[in-house]
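Data from data_5.txt: compact mmCIF, C-alpha atoms
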# COMPACT_ATOMS: atom_id res chain seq x y z
CA MET E 658 93.99 64.16 81.03
CA GLY E 659 95.45 61.83 78.39
CA PRO E 660 95.25 58.02 78.38
CA GLU E 661 98.89 57.71 79.37
CA ALA E 662 98.08 59.40 82.68
CA MET E 663 95.61 56.63 83.53
CA ILE E 664 98.19 53.83 83.54
CA VAL E 665 99.53 54.29 87.03
CA SER E 666 99.99 51.90 89.91
CA ARG E 667 97.84 51.59 93.02
CA GLU E 668 100.80 52.94 95.03
CA GLU E 669 101.03 56.08 92.87
CA ASN E 670 97.29 56.72 93.20
CA LEU E 671 97.56 56.14 96.93
CA GLN E 672 100.32 58.74 97.12
CA ALA E 673 98.00 61.15 95.30
CA VAL E 674 95.32 60.53 97.94
CA PHE E 675 97.87 61.15 100.71
CA ILE E 676 98.73 64.47 99.08
CA LEU E 677 95.08 65.48 98.87
CA LEU E 678 94.57 64.56 102.52
CA ARG E 679 97.58 66.68 103.51
CA ALA E 680 96.16 69.59 101.55
CA ALA E 681 92.76 69.19 103.20
CA LEU E 682 94.51 69.31 106.58
CA GLN E 683 96.39 72.47 105.60
CA ARG E 684 99.70 70.67 105.14
CA PRO E 685 102.07 72.02 102.46
CA VAL E 686 101.89 70.72 98.87
CA SER E 687 105.02 70.76 96.69
CA GLU E 688 105.63 70.98 92.95
CA ARG E 689 106.55 67.28 92.99
CA ASP E 690 103.17 66.60 94.61
CA TYR E 691 101.44 68.45 91.78
CA GLU E 692 103.13 66.17 89.24
CA ILE E 693 101.91 63.08 91.12
CA LEU E 694 98.38 64.47 91.14
CA ARG E 695 98.51 65.19 87.40
CA GLY E 696 99.34 61.56 86.72
CA SER E 697 96.66 60.09 88.96
CA CYS E 698 93.65 58.10 87.77
CA PRO E 699 90.31 59.73 88.76
CA LYS E 700 88.50 56.38 88.97
CA GLN E 701 91.07 55.03 91.42
CA LEU E 702 91.03 58.23 93.44
CA VAL E 703 87.25 57.88 93.81
CA ARG E 704 87.60 54.28 94.90
CA ILE E 705 90.34 54.88 97.47
CA THR E 706 88.86 58.04 98.98
CA SER E 707 85.40 56.47 99.19
CA THR E 708 86.76 53.36 100.89
CA HIS E 709 88.56 55.47 103.48
CA GLY E 710 85.62 57.78 104.23
CA ILE E 711 87.39 61.02 103.26
CA VAL E 712 85.65 62.01 100.01
CA ASN E 713 83.63 64.81 101.58
CA HIS E 714 86.67 66.07 103.51
CA LEU E 715 88.76 66.31 100.36
CA GLY E 716 85.99 68.39 98.82
CA CYS E 717 87.44 71.40 100.62
CA VAL E 718 90.29 71.50 98.05
CA ALA E 719 88.02 71.27 95.00
CA ASN E 720 87.84 75.04 94.53
CA GLU E 721 91.55 75.65 94.99
CA GLU E 722 93.24 77.03 91.88
CA TRP E 723 96.06 74.50 92.03
CA ALA E 724 93.53 71.65 92.24
CA ARG E 725 91.78 72.83 89.08
CA ASP E 726 95.16 72.86 87.33
CA VAL E 727 96.23 69.30 88.25
CA LEU E 728 93.08 67.21 88.84
CA ASP E 729 90.42 65.86 86.52
CA PRO E 730 87.43 68.29 86.46
CA GLU E 731 84.89 65.48 86.85
CA PHE E 732 86.71 64.23 89.93
CA LEU E 733 86.55 67.74 91.40
CA LEU E 734 82.81 67.88 90.67
CA PHE E 735 82.43 64.53 92.43
CA LEU E 736 84.26 65.83 95.51
CA SER E 737 82.14 68.98 95.61
CA ALA E 738 78.88 67.09 95.20
CA MET E 739 79.73 64.59 97.94
CA ARG E 740 80.78 67.38 100.26
CA GLU E 741 77.52 69.23 99.66
CA ARG E 742 75.48 66.09 100.32
CA ASN E 743 77.41 65.31 103.48
CA ALA E 744 76.88 68.85 104.78
CA ALA E 745 73.11 68.42 104.41
CA ARG E 746 73.25 64.95 105.95
CA ASN E 747 75.21 66.16 108.97
CA VAL E 748 72.59 68.85 109.61
CA ARG E 749 70.01 66.07 109.79
CA LEU E 750 72.28 63.95 112.00
CA SER E 751 72.76 66.89 114.37
CA SER E 752 68.99 67.21 114.65
CA GLN E 753 68.64 63.47 115.23
CA LEU E 754 71.31 63.54 117.94
CA SER E 755 69.65 66.50 119.66
CA ASP E 756 66.25 64.82 119.53
CA ALA E 757 67.58 61.57 121.03
CA ALA E 758 69.45 63.55 123.70
CA VAL E 759 66.23 65.30 124.72
CA GLN E 760 64.45 61.97 125.16
CA LEU E 761 67.27 60.44 127.19
CA HIS E 762 67.64 63.61 129.26
CA LYS E 763 63.94 63.49 130.14
CA ALA E 764 64.50 59.96 131.40
CA GLY E 765 67.41 61.18 133.52
CA ILE E 766 69.97 59.06 131.63
CA GLN E 767 73.46 60.50 131.24
CA THR E 768 74.50 60.37 127.56
CA VAL E 769 77.95 60.85 126.04
CA ALA E 770 78.38 61.19 122.26
CA LEU E 771 81.25 59.13 120.86
CA LYS E 772 83.40 59.41 117.72
CA GLY E 773 81.50 61.21 114.94
CA GLY E 774 78.70 62.13 117.32
CA ALA E 775 81.22 64.00 119.46
CA GLU E 776 82.32 65.83 116.32
CA LEU E 777 78.76 67.12 115.85
CA VAL E 778 78.76 68.53 119.39
CA ASP E 779 82.38 69.59 119.83
CA PRO E 780 83.95 69.82 116.35
CA VAL E 781 87.66 69.63 115.64
CA TYR E 782 87.20 69.80 111.86
CA PRO E 783 86.93 73.36 110.49
CA ASP E 784 83.71 72.71 108.54
CA PRO E 785 80.61 70.62 109.43
CA ALA E 786 80.80 68.99 105.99
CA ASP E 787 84.27 67.52 106.64
CA ARG E 788 83.50 64.45 108.77
CA PHE E 789 81.43 61.53 107.47
CA LEU E 790 79.37 59.62 110.05
CA SER E 791 78.05 56.12 109.47
CA ASP E 792 75.92 56.09 112.62
CA LEU E 793 75.50 57.76 116.02
CA ASP E 794 77.22 56.12 118.99
CA LEU E 795 76.03 57.11 122.47
CA LEU E 796 77.50 55.90 125.75
CA VAL E 797 75.11 55.42 128.68
CA PRO E 798 75.58 53.80 132.12
CA ARG E 799 75.50 50.00 131.83
CA ASN E 800 72.80 49.66 134.48
CA ARG E 801 70.48 51.91 132.45
CA ILE E 802 71.00 50.68 128.92
CA ASP E 803 67.77 48.66 128.80
CA GLU E 804 65.89 51.76 129.96
CA ALA E 805 67.68 53.86 127.34
CA VAL E 806 66.68 51.41 124.60
CA LYS E 807 63.05 51.51 125.75
CA THR E 808 63.12 55.31 125.92
CA LEU E 809 64.06 55.51 122.25
CA GLU E 810 61.70 52.71 121.26
CA ASP E 811 58.87 54.66 122.88
CA VAL E 812 59.43 57.49 120.37
CA GLY E 813 59.53 55.25 117.32
CA TYR E 814 62.97 53.62 117.20
CA THR E 815 63.08 49.90 116.44
CA SER E 816 65.71 47.15 116.58
CA HIS E 817 65.90 43.49 115.59
CA GLY E 818 65.79 41.38 118.73
CA LYS E 819 66.08 42.30 122.39
CA PRO E 820 69.28 43.91 123.65
CA ASP E 821 71.50 41.34 125.34
CA ILE E 822 74.77 43.04 126.25
CA SER E 823 76.15 40.49 128.69
CA HIS E 824 79.09 40.05 126.30
CA GLN E 825 78.57 42.93 123.91
CA ILE E 826 79.70 46.53 123.68
CA HIS E 827 76.41 48.02 122.59
CA ALA E 828 72.75 47.16 122.13
CA PRO E 829 71.48 46.35 118.62
CA PRO E 830 71.28 49.39 116.33
CA LEU E 831 68.09 51.41 116.70
CA TRP E 832 66.48 52.83 113.56
CA HIS E 833 63.76 55.45 113.12
CA GLU E 834 61.89 55.94 109.85
CA ASN E 835 62.15 59.73 110.14
CA TRP E 836 65.89 59.88 110.77
CA PRO E 837 68.84 59.11 108.45
CA THR E 838 70.94 56.68 110.50
CA ALA E 839 71.04 54.18 113.34
CA ILE E 840 71.78 54.93 116.98
CA GLU E 841 73.97 52.49 118.90
CA LEU E 842 73.66 52.72 122.68
CA HIS E 843 76.94 51.67 124.27
CA ALA E 844 77.55 50.23 127.71
CA SER E 845 81.29 50.09 127.06
CA LEU E 846 83.71 51.30 124.41
CA CYS E 847 85.79 48.21 123.73
CA ARG E 848 86.42 44.65 124.81
CA ALA E 849 89.60 43.68 126.63
CA PRO E 850 92.33 44.79 126.50
CA GLY E 851 90.98 48.09 125.16
CA ASP E 852 88.62 48.57 128.11
CA ASP E 853 91.69 48.86 130.37
CA ILE E 854 92.71 51.95 128.38
CA ILE E 855 89.28 53.54 128.17
CA PRO E 856 86.87 52.14 130.81
CA ALA E 857 83.28 53.28 130.35
CA ASN E 858 82.79 54.49 133.92
CA ALA E 859 85.85 56.72 133.71
CA VAL E 860 84.61 58.20 130.42
CA LEU E 861 81.20 58.93 131.93
CA ASN E 862 82.78 60.53 135.01
CA SER E 863 85.12 62.81 133.06
CA ALA E 864 82.71 63.71 130.23
CA ARG E 865 81.93 67.40 129.81
CA ARG E 866 79.14 69.53 128.44
CA VAL E 867 79.62 71.89 125.49
CA ALA E 868 77.50 75.05 125.36
CA ASP E 869 73.82 74.18 125.75
CA HIS E 870 73.97 70.63 124.38
CA LEU E 871 72.20 68.01 126.49
CA VAL E 872 74.53 65.28 125.27
CA MET E 873 78.07 65.31 126.70
CA VAL E 874 81.41 64.62 125.02
CA PRO E 875 84.44 62.66 126.26
CA ALA E 876 87.44 64.42 127.75
CA PRO E 877 90.17 65.09 125.13
CA ALA E 878 92.38 62.17 126.23
CA ASP E 879 89.40 59.80 126.28
CA ARG E 880 88.42 60.94 122.81
CA MET E 881 91.85 60.22 121.39
CA CYS E 882 92.17 56.92 123.26
CA HIS E 883 88.83 55.82 121.84
CA LEU E 884 89.91 56.76 118.32
CA ILE E 885 93.03 54.57 118.50
CA VAL E 886 91.43 51.74 120.50
CA HIS E 887 88.48 51.58 118.12
CA ALA E 888 90.76 51.53 115.09
CA GLN E 889 93.38 49.12 116.39
CA ILE E 890 91.40 46.74 118.64
CA ARG E 891 87.67 47.05 118.03
CA SER E 892 88.03 47.02 114.25
CA SER E 893 90.95 44.53 114.39
CA ARG E 894 93.12 46.73 112.19
CA PHE E 895 96.22 46.26 114.32
CA ALA E 896 96.10 42.50 113.79
CA GLY E 897 95.41 42.99 110.08
CA HIS E 898 97.98 45.75 109.50
CA TRP E 899 95.48 48.30 108.24
CA ILE E 900 94.56 51.89 108.89
CA LEU E 901 91.65 54.06 107.76
CA LEU E 902 92.58 57.47 106.40
CA ARG E 903 89.57 59.05 108.13
CA ASP E 904 91.15 57.92 111.42
CA VAL E 905 94.42 59.56 110.35
CA ALA E 906 92.60 62.85 109.77
CA ASP E 907 90.79 62.54 113.11
CA PHE E 908 94.09 61.94 114.88
CA TRP E 909 95.77 64.91 113.24
CA LEU E 910 93.00 67.25 114.38
CA LEU E 911 92.90 65.84 117.92
CA HIS E 912 96.59 65.49 118.73
CA TRP E 913 97.75 69.09 119.18
CA ARG E 914 97.88 69.23 122.99
CA GLU E 915 101.12 67.62 124.16
CA ASP E 916 99.72 66.90 127.64
CA VAL E 917 96.83 64.96 126.11
CA LEU E 918 99.15 62.98 123.84
CA ALA E 919 101.37 62.19 126.84
CA GLU E 920 98.39 60.95 128.86
CA VAL E 921 97.19 58.76 126.00
CA ARG E 922 100.64 57.28 125.59
CA SER E 923 100.83 56.63 129.33
CA ARG E 924 97.56 54.67 129.24
CA PHE E 925 98.68 52.48 126.35
CA SER E 926 102.00 51.90 128.10
CA ALA E 927 100.26 50.88 131.35
CA ALA E 928 98.17 48.37 129.38
CA ASP E 929 101.35 47.04 127.73
CA LEU E 930 99.99 48.13 124.33
CA LEU E 931 102.36 50.98 123.51
CA PRO E 932 103.43 49.50 120.12
CA MET E 933 99.78 49.63 119.09
CA MET E 934 99.59 53.37 119.68
CA ASP E 935 103.06 54.18 118.38
CA GLY E 936 102.46 52.15 115.22
CA PHE E 937 99.26 54.07 114.55
CA VAL E 938 101.01 57.40 115.13
CA ASP E 939 104.00 56.42 113.00
CA VAL E 940 101.78 55.58 110.01
CA ALA E 941 99.85 58.84 110.46
CA GLU E 942 103.12 60.79 110.50
CA LYS E 943 104.38 59.14 107.33
CA ILE E 944 101.10 59.70 105.49
CA LEU E 945 100.95 63.35 106.53
CA ASP E 946 104.70 63.92 106.19
CA SER E 947 104.88 65.25 109.72
CA SER E 948 106.00 64.37 113.23
CA THR E 949 104.62 64.75 116.73
CA SER E 950 106.32 65.41 120.02
CA ARG E 951 106.87 61.98 121.59
CA GLN E 952 109.48 59.40 122.47
CA GLU E 953 111.32 57.11 120.10
CA THR E 954 109.17 54.50 118.34
CA CYS E 955 110.00 50.88 119.20
CA ASP E 956 110.94 48.25 116.61
CA GLU E 957 107.56 46.51 116.84
CA ALA E 958 105.72 49.76 116.10
CA ARG E 959 108.00 50.59 113.17
CA SER E 960 107.54 47.10 111.75
CA TRP E 961 103.76 47.39 112.03
CA SER E 962 103.88 50.79 110.38
CA GLN E 963 105.95 49.51 107.47
CA ARG E 964 103.68 46.51 106.82
CA THR E 965 100.56 48.66 107.09
CA LEU E 966 101.82 51.09 104.46
CA GLN E 967 102.66 48.12 102.23
CA HIS E 968 99.13 46.75 102.63
CA LEU E 969 97.64 50.12 101.76
CA ALA E 970 99.53 50.01 98.48
CA ASN E 971 98.80 46.31 97.91
CA PRO E 972 95.09 45.59 98.50
CA ASN E 973 95.45 41.91 97.55
CA ALA E 974 97.55 41.33 100.66
CA ARG E 975 94.89 43.14 102.68
CA ARG E 976 92.17 40.92 101.21
CA ARG E 977 94.05 37.75 102.13
CA ASN E 978 94.68 39.01 105.65
CA HIS E 979 91.06 40.09 106.03
CA LEU E 980 89.75 36.67 105.02
CA LEU E 981 92.15 34.87 107.34
CA GLY E 982 91.53 37.33 110.16
CA PHE E 983 87.76 37.13 110.19
CA MET E 984 87.85 33.30 109.88
CA LEU E 985 90.17 33.06 112.90
CA HIS E 986 88.06 35.61 114.79
CA TYR E 987 84.86 33.62 114.39
CA ILE E 988 86.54 30.30 115.13
CA ARG E 989 88.19 31.57 118.31
CA SER E 990 85.03 33.31 119.47
CA PHE E 991 82.97 30.17 118.83
CA VAL E 992 85.39 27.99 120.78
CA ARG E 993 86.17 30.32 123.70
CA ASP E 994 82.99 32.31 124.36
CA LYS E 995 79.81 30.41 125.27
CA GLU E 996 77.55 33.45 124.80
CA LEU E 997 78.98 34.25 121.38
CA ARG E 998 78.69 30.58 120.42
CA ARG E 999 74.97 30.73 121.18
CA LYS E 1000 74.65 33.94 119.19
CA TYR E 1001 76.43 32.45 116.16
CA LEU E 1002 74.19 29.38 116.26
CA ARG E 1003 71.14 31.66 116.38
CA ASP E 1004 72.51 33.65 113.45
CA LEU E 1005 72.92 30.47 111.41
CA ARG E 1006 69.16 29.97 111.70
CA ARG E 1007 68.52 33.51 110.41
CA PRO E 1008 69.22 33.67 106.66
CA ARG E 1009 68.86 37.46 106.51
CA THR E 1010 71.42 37.95 109.28
CA MET E 1011 73.89 35.58 107.66
CA LEU E 1012 73.40 37.22 104.28
CA ALA E 1013 74.08 40.65 105.81
CA ILE E 1014 77.33 39.37 107.38
CA ILE E 1015 78.49 37.81 104.11
CA VAL E 1016 77.58 40.89 102.04
CA ASN E 1017 79.48 43.12 104.49
CA HIS E 1018 82.66 41.04 104.14
CA ILE E 1019 82.35 40.92 100.33
CA ARG E 1020 82.03 44.72 100.24
CA THR E 1021 85.09 45.05 102.45
CA LEU E 1022 87.13 42.75 100.20
CA ARG E 1023 86.08 44.59 97.06
CA ALA E 1024 86.74 48.00 98.56
CA TYR E 1025 90.21 47.20 99.86
The structure in this file should be written as C-alpha cells.
Amino acid sequence: MGPEAMIVSREENLQAVFILLRAALQRPVSERDYEILRGSCPKQLVRITSTHGIVNHLGCVANEEWARDVLDPEFLLFLSAMRERNAARNVRLSSQLSDAAVQLHKAGIQTVALKGGAELVDPVYPDPADRFLSDLDLLVPRNRIDEAVKTLEDVGYTSHGKPDISHQIHAPPLWHENWPTAIELHASLCRAPGDDIIPANAVLNSARRVADHLVMVPAPADRMCHLIVHAQIRSSRFAGHWILLRDVADFWLLHWREDVLAEVRSRFSAADLLPMMDGFVDVAEKILDSSTSRQETCDEARSWSQRTLQHLANPNARRRNHLLGFMLHYIRSFVRDKELRRKYLRDLRRPRTMLAIIVNHIRTLRAY
C-alpha cells in the first residue's frame, strides 16, 4: 500500500470501518466499497475498530479472498490475532460465569446474565470469538444483593469498599485472582427514566433458562431494551450524540423478530423516549446500509442521527461534548443527589480513586 493511500480523512477511514462491519454481519460489499478499503489507513483502522470494541468481530473477514486483495496484510494479521485471543478469553469468561452461577445457585439466588454475559449463554453472534466482553454483569433480586456479594466473596472475590446501592445500579466490581475479569452484581439495569422501560423485577420475572445453564438470560425484548437503554441513557451517549459500533452489531443480530421490535418501540413510546430509540435505529441503519420494519422516524430522531454520524467522523467535536457532558453530569449530581454528593466527597479523599476516574476520561478523549 503506497504512501498516497495513507493520506485519507477520518471520515474516509470511518467509512472503511463501516464497510468491514457490514461484511462481518454478512451484508453485501460492492466494488466501490473495495476501492474505499484500498485507500484506507491501517493505523487509523486499528484505532477506530479498537475504540468501538469490534476488532475481534472483524477478524472473521481476515481470511476472505477479497480482504486479502484490498487490505494491508499486517492489519489482517492484527485482526486474526485479536480474534484468536478473544476466543480464548471468552472460553475463560464462560468458565468464570458458570462458576459464579454455581455459587449463587447454591445460595438460592436467582441470577440473570446481562449484555455480553447473555451472549455467552444464549449467543446471537455466529462465533464465540465475535463479541468482546469487558466484564460480567449479573442481575439479582435487590433484597438479596448483599447476600450475593458475600457469596462470591466467600469463594475469593474481593471489592473495594462495602456495597451501598441505595442510589446505585450495581455493587462495586468483584475481582478474583484466578479469573480474567470483574463481576458486577446488579440490583437494577438503569436509573430513571430507563428503569421505566426495563424494570429489574420484570426482567427477573420474564427471564428464561437456556439448556442446562444455571444462569438465566433476559427475554428477547428485555435484552434489546437493555442494549438501547444502556447505550443511550446509562452511558449518556444520547446526550452526547455518540454511538458504539459494537452496539450497532448487537442490535443488528437481535432485531430480526418484528414482534420484539414492536414491543421495544412500544415501551420507549410509553416512556416518552421514542426519539431515543428511533435515533439509535436510524444510525444503525445508515451504518449498515439497511432498514428495519418500523414506523416513520420523527424529526428529533433524524436530527440526533445526523449529528451522531457527524461526531463519529469528527472526534474533536466528540471530545468537546464529552468534556462538557461529564462536567455537567458531576455538577448536577453533586447539587441534586445527597448520596452521590457524599460519595464524591469520599472519592476526593481517595487519590487512587480520583486518579482512576481522571485516567478513564483521558483514555476516552484520546480514543474518540
Polymer residues at most 7 Å from E:His709, only C-alpha atoms, same-chain spacing of 6 or more positions, as a short mmCIF file (atom, residue, chain, number, x, y, z; two decimals) with C-alpha atoms, in the frame of the given file:
data_model
loop_
_atom_site.label_atom_id
_atom_site.label_comp_id
_atom_site.auth_asym_id
_atom_site.auth_seq_id
_atom_site.Cartn_x
_atom_site.Cartn_y
_atom_site.Cartn_z
CA LEU E 901 91.65 54.06 107.76
CA LEU E 902 92.58 57.47 106.40
CA ARG E 903 89.57 59.05 108.13
#
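Of note, atom CA of E:Ala681 and atom CA of E:Leu715 are spaced 5.7 Å apart.
Distance check against E:Arg679 using all atoms listed in the file: of E:Tyr814, E:Phe937, E:Trp909, E:Phe732, the minimum falls on E:Trp909.
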Notebook entry, point to check: Nearest to E:Met873: which of E:Arg742, E:Arg689, E:Lys772, E:Lys995 is it, counting only C-alpha atoms?
Noted result: E:Lys772
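The interatomic distance for the pair atom CA of E:Ala839 and atom CA of E:Leu795 works out to 10.8 Å.
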Check: Can you tell me, as a VMD selection string, what residues are no more than 12 Å from stretch 755-762 of chain E when counting only C-alpha atoms, ignoring any on the same chain fewer than 4 positions away?
Finding: chain E and resid 748 to 751 766 to 770 774 to 775 777 to 778 793 to 798 801 to 814 831 to 833 835 to 836 839 to 842 869 to 873
Taking only residues of stretch 865-977 of chain E that have an atom at most 12 Å from an atom of stretch 844-861 of chain E, what is each one's shortest atom pair and its distance in Å to one decimal, using only C-alpha atoms, in chain and number order, as a tab-separated table?
residue	atom	partner	partner_atom	distance
E:Arg865	CA	E:Leu861	CA	8.8
E:Arg866	CA	E:Leu861	CA	11.3
E:Val872	CA	E:Leu861	CA	11.4
E:Met873	CA	E:Leu861	CA	8.8
E:Val874	CA	E:Leu861	CA	9.0
E:Pro875	CA	E:Val860	CA	6.1
E:Ala876	CA	E:Val860	CA	7.3
E:Pro877	CA	E:Val860	CA	10.3
E:Ala878	CA	E:Ile855	CA	9.4
E:Asp879	CA	E:Val860	CA	6.5
E:Arg880	CA	E:Val860	CA	8.9
E:Met881	CA	E:Ile855	CA	9.9
E:Cys882	CA	E:Ile855	CA	6.6
E:His883	CA	E:Ile855	CA	6.7
E:Leu884	CA	E:Leu846	CA	10.3
E:Ile885	CA	E:Gly851	CA	9.5
E:Val886	CA	E:Gly851	CA	5.9
E:His887	CA	E:Cys847	CA	7.1
E:Ala888	CA	E:Cys847	CA	10.5
E:Gln889	CA	E:Gly851	CA	9.2
E:Ile890	CA	E:Gly851	CA	6.7
E:Arg891	CA	E:Cys847	CA	6.1
E:Ser892	CA	E:Cys847	CA	9.8
E:Ser893	CA	E:Cys847	CA	11.3
E:Glu920	CA	E:Ile854	CA	10.7
E:Val921	CA	E:Ile854	CA	8.5
E:Arg922	CA	E:Ile854	CA	10.0
E:Ser923	CA	E:Ile854	CA	9.4
E:Arg924	CA	E:Ile854	CA	5.6
E:Phe925	CA	E:Ile854	CA	6.3
E:Ser926	CA	E:Ile854	CA	9.3
E:Ala927	CA	E:Ile854	CA	8.2
E:Ala928	CA	E:Asp853	CA	6.6
E:Asp929	CA	E:Pro850	CA	9.4
E:Leu930	CA	E:Pro850	CA	8.6
E:Leu931	CA	E:Ile854	CA	10.9
E:Met933	CA	E:Gly851	CA	10.8
E:Met934	CA	E:Ile854	CA	11.2
Note to self: Using all atoms listed in the file, which protein or nucleic acid residues come within 8 Å of E:Val703? Drop anything in the same chain fewer than 4 positions from it, and give the result as an MDAnalysis selection string.
What the structure shows: chainID E and resid 699 707 712 732
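Taking atom CA of E:Asp690 and atom CA of E:Ile900 as the two end points, the separation is 22.2 Å.
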Next item on the list: Write out as a PyMOL selection string each polymer residue whose atoms come within 12 Å of E:Leu1002, counting only C-alpha atoms; drop sequence neighbours fewer than 4 positions from it.
Entry: chain E and resi 987+990-991+995-998+1006-1008+1010-1011
Selection above as a file: C-alpha atoms, as a PDB file, in the coordinates of the input:
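Just written: selection-v4.pdb:
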ATOM      1  CA  TYR E 987      84.860  33.620 114.390  1.00  0.00           C
ATOM      2  CA  SER E 990      85.030  33.310 119.470  1.00  0.00           C
ATOM      3  CA  PHE E 991      82.970  30.170 118.830  1.00  0.00           C
ATOM      4  CA  LYS E 995      79.810  30.410 125.270  1.00  0.00           C
ATOM      5  CA  GLU E 996      77.550  33.450 124.800  1.00  0.00           C
ATOM      6  CA  LEU E 997      78.980  34.250 121.380  1.00  0.00           C
ATOM      7  CA  ARG E 998      78.690  30.580 120.420  1.00  0.00           C
ATOM      8  CA  ARG E1006      69.160  29.970 111.700  1.00  0.00           C
ATOM      9  CA  ARG E1007      68.520  33.510 110.410  1.00  0.00           C
ATOM     10  CA  PRO E1008      69.220  33.670 106.660  1.00  0.00           C
ATOM     11  CA  THR E1010      71.420  37.950 109.280  1.00  0.00           C
ATOM     12  CA  MET E1011      73.890  35.580 107.660  1.00  0.00           C
TER      13      MET E1011
END
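Ranking E:Phe735, E:Phe789, E:Trp723, E:Trp961 by their shortest atom-to-atom distance to E:Arg894, with only C-alpha atoms included, puts E:Trp961 first.
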Taking N, CA and C atoms as the atom set, what does stretch 687-708 of chain E look like once completed, written as a short mmCIF file (atom, residue, chain, number, x, y, z; two decimals), keeping the file's coordinate frame?
data_model
loop_
_atom_site.label_atom_id
_atom_site.label_comp_id
_atom_site.auth_asym_id
_atom_site.auth_seq_id
_atom_site.Cartn_x
_atom_site.Cartn_y
_atom_site.Cartn_z
N SER E 687 103.85 70.35 97.47
CA SER E 687 105.02 70.76 96.69
C SER E 687 104.78 70.61 95.19
N GLU E 688 105.71 71.13 94.40
CA GLU E 688 105.63 70.98 92.95
C GLU E 688 105.69 69.51 92.55
N ARG E 689 106.49 68.73 93.26
CA ARG E 689 106.55 67.28 92.99
C ARG E 689 105.18 66.66 93.26
N ASP E 690 104.51 67.11 94.30
CA ASP E 690 103.17 66.60 94.61
C ASP E 690 102.21 66.91 93.46
N TYR E 691 102.32 68.09 92.89
CA TYR E 691 101.44 68.45 91.78
C TYR E 691 101.63 67.50 90.61
N GLU E 692 102.87 67.11 90.34
CA GLU E 692 103.13 66.17 89.24
C GLU E 692 102.49 64.81 89.53
N ILE E 693 102.55 64.35 90.76
CA ILE E 693 101.91 63.08 91.12
C ILE E 693 100.40 63.17 90.92
N LEU E 694 99.82 64.29 91.30
CA LEU E 694 98.38 64.47 91.14
C LEU E 694 97.98 64.50 89.67
N ARG E 695 98.80 65.13 88.84
CA ARG E 695 98.51 65.19 87.40
C ARG E 695 98.47 63.79 86.78
N GLY E 696 99.28 62.90 87.29
CA GLY E 696 99.34 61.56 86.72
C GLY E 696 98.38 60.57 87.34
N SER E 697 97.55 61.02 88.25
CA SER E 697 96.66 60.09 88.96
C SER E 697 95.44 59.72 88.12
N CYS E 698 94.83 58.60 88.47
CA CYS E 698 93.65 58.10 87.77
C CYS E 698 92.40 58.48 88.57
N PRO E 699 91.50 59.29 88.01
CA PRO E 699 90.31 59.73 88.76
C PRO E 699 89.48 58.58 89.32
N LYS E 700 89.31 57.51 88.52
CA LYS E 700 88.50 56.38 88.97
C LYS E 700 89.10 55.76 90.23
N GLN E 701 90.42 55.61 90.24
CA GLN E 701 91.07 55.03 91.42
C GLN E 701 91.03 55.98 92.61
N LEU E 702 91.13 57.27 92.35
CA LEU E 702 91.03 58.23 93.44
C LEU E 702 89.65 58.16 94.09
N VAL E 703 88.61 58.02 93.27
CA VAL E 703 87.25 57.88 93.81
C VAL E 703 87.15 56.63 94.67
N ARG E 704 87.71 55.55 94.17
CA ARG E 704 87.60 54.28 94.90
C ARG E 704 88.33 54.34 96.24
N ILE E 705 89.54 54.85 96.23
CA ILE E 705 90.34 54.88 97.47
C ILE E 705 89.74 55.85 98.48
N THR E 706 89.39 57.05 98.04
CA THR E 706 88.86 58.04 98.98
C THR E 706 87.50 57.63 99.52
N SER E 707 86.70 56.94 98.71
CA SER E 707 85.40 56.47 99.19
C SER E 707 85.58 55.37 100.23
N THR E 708 86.48 54.44 99.95
CA THR E 708 86.76 53.36 100.89
C THR E 708 87.20 53.89 102.25
#
